[in-house]
>>> print(open('final_6.pdb').read())   # PDB, C-alpha atoms, pLDDT in the B column
ATOM      1  CA  MET A   1     129.912  84.214 111.732  1.00 53.00           C
ATOM      2  CA  ALA A   2     128.043  82.129 109.184  1.00 58.00           C
ATOM      3  CA  ALA A   3     126.725  83.658 105.999  1.00 57.00           C
ATOM      4  CA  PRO A   4     122.947  83.713 105.600  1.00 57.00           C
ATOM      5  CA  PRO A   5     121.542  80.889 103.473  1.00 57.00           C
ATOM      6  CA  PRO A   6     120.972  81.768  99.807  1.00 55.00           C
ATOM      7  CA  THR A   7     117.446  82.712  98.944  1.00 55.00           C
ATOM      8  CA  VAL A   8     115.654  80.526  96.475  1.00 50.00           C
ATOM      9  CA  PRO A   9     113.465  82.408  93.995  1.00 51.00           C
ATOM     10  CA  SER A  10     109.852  81.386  93.961  1.00 50.00           C
ATOM     11  CA  SER A  11     108.459  79.602  90.914  1.00 50.00           C
ATOM     12  CA  GLY A  12     106.834  82.827  89.711  1.00 50.00           C
ATOM     13  CA  ALA A  13     110.049  84.858  89.808  1.00 49.00           C
ATOM     14  CA  SER A  14     111.890  85.550  86.615  1.00 47.00           C
ATOM     15  CA  PRO A  15     115.521  84.416  86.202  1.00 50.00           C
ATOM     16  CA  ALA A  16     118.357  86.660  87.425  1.00 52.00           C
ATOM     17  CA  GLY A  17     115.877  88.924  89.209  1.00 50.00           C
ATOM     18  CA  ALA A  18     114.774  90.643  85.990  1.00 51.00           C
ATOM     19  CA  GLU A  19     111.294  92.075  86.118  1.00 51.00           C
ATOM     20  CA  PRO A  20     108.806  91.353  83.361  1.00 53.00           C
ATOM     21  CA  PRO A  21     108.430  94.342  81.034  1.00 53.00           C
ATOM     22  CA  ASP A  22     104.800  94.996  81.971  1.00 53.00           C
ATOM     23  CA  SER A  23     105.071  94.475  85.746  1.00 58.00           C
ATOM     24  CA  HIS A  24     104.083  98.087  86.463  1.00 63.00           C
ATOM     25  CA  ARG A  25     100.711  97.668  84.756  1.00 64.00           C
ATOM     26  CA  PRO A  26      97.796  96.271  86.764  1.00 67.00           C
ATOM     27  CA  SER A  27      96.432  92.993  85.526  1.00 77.00           C
ATOM     28  CA  ARG A  28      93.503  92.929  83.134  1.00 74.00           C
ATOM     29  CA  VAL A  29      91.276  91.377  85.805  1.00 75.00           C
ATOM     30  CA  ARG A  30      92.095  94.171  88.245  1.00 79.00           C
ATOM     31  CA  ARG A  31      91.478  96.841  85.604  1.00 82.00           C
ATOM     32  CA  ASN A  32      88.146  95.259  84.694  1.00 85.00           C
ATOM     33  CA  ARG A  33      87.163  95.093  88.368  1.00 87.00           C
ATOM     34  CA  LEU A  34      88.037  98.739  88.879  1.00 89.00           C
ATOM     35  CA  ARG A  35      86.193  99.725  85.707  1.00 90.00           C
ATOM     36  CA  ASN A  36      83.102  97.718  86.709  1.00 89.00           C
ATOM     37  CA  LEU A  37      83.158  99.214  90.201  1.00 91.00           C
ATOM     38  CA  ALA A  38      83.484 102.731  88.777  1.00 93.00           C
ATOM     39  CA  LEU A  39      80.582 102.091  86.392  1.00 92.00           C
ATOM     40  CA  ALA A  40      78.458 100.685  89.233  1.00 92.00           C
ATOM     41  CA  ILE A  41      79.094 103.792  91.338  1.00 93.00           C
ATOM     42  CA  PHE A  42      78.406 106.037  88.340  1.00 94.00           C
ATOM     43  CA  PHE A  43      75.050 104.375  87.609  1.00 93.00           C
ATOM     44  CA  PHE A  44      74.033 104.451  91.284  1.00 92.00           C
ATOM     45  CA  ILE A  45      74.785 108.182  91.358  1.00 93.00           C
ATOM     46  CA  LEU A  46      72.661 108.639  88.236  1.00 92.00           C
ATOM     47  CA  GLY A  47      69.909 106.614  89.914  1.00 91.00           C
ATOM     48  CA  PHE A  48      69.961 108.901  92.957  1.00 91.00           C
ATOM     49  CA  ILE A  49      69.891 111.938  90.684  1.00 91.00           C
ATOM     50  CA  GLY A  50      66.882 110.313  89.004  1.00 89.00           C
ATOM     51  CA  LEU A  51      65.153 110.166  92.386  1.00 90.00           C
ATOM     52  CA  LEU A  52      65.598 113.923  92.768  1.00 91.00           C
ATOM     53  CA  ILE A  53      64.635 114.851  89.207  1.00 89.00           C
ATOM     54  CA  PRO A  54      61.249 113.375  88.250  1.00 83.00           C
ATOM     55  CA  VAL A  55      61.915 113.491  84.490  1.00 86.00           C
ATOM     56  CA  MET A  56      65.023 111.272  84.674  1.00 83.00           C
ATOM     57  CA  PRO A  57      64.477 107.495  85.067  1.00 86.00           C
ATOM     58  CA  GLN A  58      65.987 105.873  88.123  1.00 88.00           C
ATOM     59  CA  VAL A  59      65.098 102.181  87.876  1.00 88.00           C
ATOM     60  CA  VAL A  60      67.214 101.650  84.755  1.00 89.00           C
ATOM     61  CA  PHE A  61      70.267 103.233  86.371  1.00 91.00           C
ATOM     62  CA  PHE A  62      69.856 101.282  89.607  1.00 91.00           C
ATOM     63  CA  ALA A  63      69.515  98.050  87.595  1.00 88.00           C
ATOM     64  CA  LEU A  64      72.672  98.831  85.607  1.00 89.00           C
ATOM     65  CA  GLY A  65      74.485  99.698  88.832  1.00 91.00           C
ATOM     66  CA  LEU A  66      73.469  96.340  90.313  1.00 89.00           C
ATOM     67  CA  LEU A  67      74.596  94.470  87.207  1.00 86.00           C
ATOM     68  CA  PHE A  68      78.031  96.099  87.243  1.00 90.00           C
ATOM     69  CA  LEU A  69      78.325  95.628  91.000  1.00 91.00           C
ATOM     70  CA  SER A  70      77.464  91.940  90.581  1.00 88.00           C
ATOM     71  CA  LEU A  71      80.554  91.616  88.385  1.00 88.00           C
ATOM     72  CA  VAL A  72      82.697  92.816  91.301  1.00 90.00           C
ATOM     73  CA  SER A  73      81.049  91.449  94.451  1.00 89.00           C
ATOM     74  CA  PRO A  74      80.305  87.721  94.958  1.00 90.00           C
ATOM     75  CA  THR A  75      77.572  88.535  97.494  1.00 90.00           C
ATOM     76  CA  VAL A  76      75.719  90.796  95.072  1.00 88.00           C
ATOM     77  CA  ARG A  77      76.263  88.232  92.290  1.00 89.00           C
ATOM     78  CA  ARG A  78      74.578  85.520  94.407  1.00 92.00           C
ATOM     79  CA  ARG A  79      71.639  87.785  95.198  1.00 90.00           C
ATOM     80  CA  VAL A  80      71.190  88.769  91.554  1.00 86.00           C
ATOM     81  CA  ARG A  81      71.279  85.090  90.536  1.00 89.00           C
ATOM     82  CA  ARG A  82      68.729  84.266  93.233  1.00 92.00           C
ATOM     83  CA  PHE A  83      66.509  87.112  92.003  1.00 89.00           C
ATOM     84  CA  LEU A  84      66.799  85.896  88.407  1.00 88.00           C
ATOM     85  CA  HIS A  85      65.968  82.353  89.533  1.00 92.00           C
ATOM     86  CA  ASP A  86      62.858  83.602  91.344  1.00 95.00           C
ATOM     87  CA  HIS A  87      61.734  85.773  88.389  1.00 93.00           C
ATOM     88  CA  PRO A  88      62.010  83.736  85.160  1.00 92.00           C
ATOM     89  CA  LYS A  89      60.612  86.456  82.857  1.00 91.00           C
ATOM     90  CA  VAL A  90      63.309  88.885  83.931  1.00 87.00           C
ATOM     91  CA  ALA A  91      65.909  86.112  83.710  1.00 89.00           C
ATOM     92  CA  HIS A  92      64.866  85.316  80.140  1.00 90.00           C
ATOM     93  CA  ALA A  93      65.106  88.980  79.079  1.00 86.00           C
ATOM     94  CA  TYR A  94      68.515  89.285  80.775  1.00 82.00           C
ATOM     95  CA  LYS A  95      69.769  86.118  79.038  1.00 86.00           C
ATOM     96  CA  ARG A  96      68.624  87.393  75.621  1.00 86.00           C
ATOM     97  CA  TRP A  97      70.349  90.735  76.240  1.00 80.00           C
ATOM     98  CA  ARG A  98      73.572  89.004  77.361  1.00 80.00           C
ATOM     99  CA  ASP A  99      73.564  86.559  74.425  1.00 84.00           C
ATOM    100  CA  LYS A 100      72.948  89.381  71.955  1.00 84.00           C
ATOM    101  CA  GLY A 101      76.013  91.220  73.283  1.00 79.00           C
ATOM    102  CA  ARG A 102      78.050  88.023  73.125  1.00 81.00           C
ATOM    103  CA  GLN A 103      77.066  87.514  69.483  1.00 83.00           C
ATOM    104  CA  LYS A 104      78.050  91.096  68.663  1.00 82.00           C
ATOM    105  CA  ARG A 105      81.461  90.623  70.298  1.00 81.00           C
ATOM    106  CA  ARG A 106      82.052  87.340  68.452  1.00 84.00           C
ATOM    107  CA  GLU A 107      81.092  88.958  65.150  1.00 88.00           C
ATOM    108  CA  MET A 108      83.414  91.888  65.836  1.00 87.00           C
ATOM    109  CA  ILE A 109      86.310  89.531  66.654  1.00 88.00           C
ATOM    110  CA  ARG A 110      85.639  87.508  63.501  1.00 89.00           C
ATOM    111  CA  ARG A 111      85.664  90.665  61.362  1.00 89.00           C
ATOM    112  CA  ARG A 112      88.916  91.869  62.896  1.00 89.00           C
ATOM    113  CA  LYS A 113      90.571  88.513  62.244  1.00 89.00           C
ATOM    114  CA  GLU A 114      89.412  88.577  58.625  1.00 89.00           C
ATOM    115  CA  LEU A 115      90.737  92.118  58.194  1.00 87.00           C
ATOM    116  CA  ALA A 116      94.091  91.185  59.740  1.00 88.00           C
ATOM    117  CA  ALA A 117      94.348  88.159  57.423  1.00 87.00           C
ATOM    118  CA  ARG A 118      93.557  90.333  54.383  1.00 85.00           C
ATOM    119  CA  LEU A 119      96.151  92.886  55.423  1.00 85.00           C
ATOM    120  CA  ARG A 120      98.789  90.158  55.835  1.00 83.00           C
ATOM    121  CA  VAL A 121      97.991  88.780  52.383  1.00 77.00           C
ATOM    122  CA  HIS A 122      98.024  92.289  50.893  1.00 72.00           C
ATOM    123  CA  ARG A 123     101.446  93.019  52.433  1.00 71.00           C
ATOM    124  CA  THR A 124     102.974  89.848  51.041  1.00 70.00           C
ATOM    125  CA  ASP A 125     101.457  90.431  47.596  1.00 65.00           C
ATOM    126  CA  THR A 126     102.807  93.937  47.105  1.00 59.00           C
ATOM    127  CA  PRO A 127     105.572  94.174  44.493  1.00 62.00           C
ATOM    128  CA  GLY A 128     108.049  96.003  46.739  1.00 59.00           C
ATOM    129  CA  SER A 129     107.923  93.432  49.541  1.00 53.00           C
ATOM    130  CA  ALA A 130     109.669  90.587  47.647  1.00 53.00           C
ATOM    131  CA  ASP A 131     113.380  90.113  48.265  1.00 53.00           C
ATOM    132  CA  SER A 132     115.470  90.742  45.138  1.00 48.00           C
TER     133      SER A 132
END
>>> encode(input="final_6.pdb", output="structure tokens")
Amino acid sequence: MAAPPPTVPSSGASPAGAEPPDSHRPSRVRRNRLRNLALAIFFFILGFIGLLIPVMPQVVFFALGLLFLSLVSPTVRRRVRRFLHDHPKVAHAYKRWRDKGRQKRREMIRRRKELAARLRVHRTDTPGSADS
């Protein structure tokens, strides 16, 4: 009887069959998709509650649910883009809101980098850190 041919690891496999240390964690994209889907469901539920309770707004929650669902579903994303193309005033307000959030994130990242650089400089300048 002939021995079975040796299996060739795929290009994505690690050498000697060792698993990467974080293989049990879902990828960032998958986590973001699950988070966006959960937020979409949450806001749709709040929108339906808003339909039942007249004091609570429903349009805002349905709009937020659609925005989060558009991050998960390509079909919804196309329909939202088509809606924004057909309604330029809404598209302009949405673009301003999105750009404002982007600027806030960039500013936050810049501040964190500056803080990390200051902490590195502070650590190297302390008297006890020099080798004797």
>>> closest_residue(input="final_6.pdb", among="A:Met56, A:Leu66, A:Leu71, A:Val80", to="Phe42 in chain A", atoms="only C-alpha atoms")
A:Leu66
>>> atom_distance(input="final_6.pdb", atom1="CA of Phe43 in chain A", atom2="CA of Gly65 in chain A")
4.9 Å
>>> resolve_selection(input="final_6.pdb", expression="the PyMOL selection byres ((chain A and resi 62) around 12)", output="VMD selection string")
chain A and resid 39 to 51 57 to 61 63 to 69
>>> atom_distance(input="final_6.pdb", atom1="CA of Asn36 in chain A", atom2="CA of Val72 in chain A")
6.7 Å
>>> atom_distance(input="final_6.pdb", atom1="CA of Gln103 in chain A", atom2="CA of Leu37 in chain A")
24.6 Å
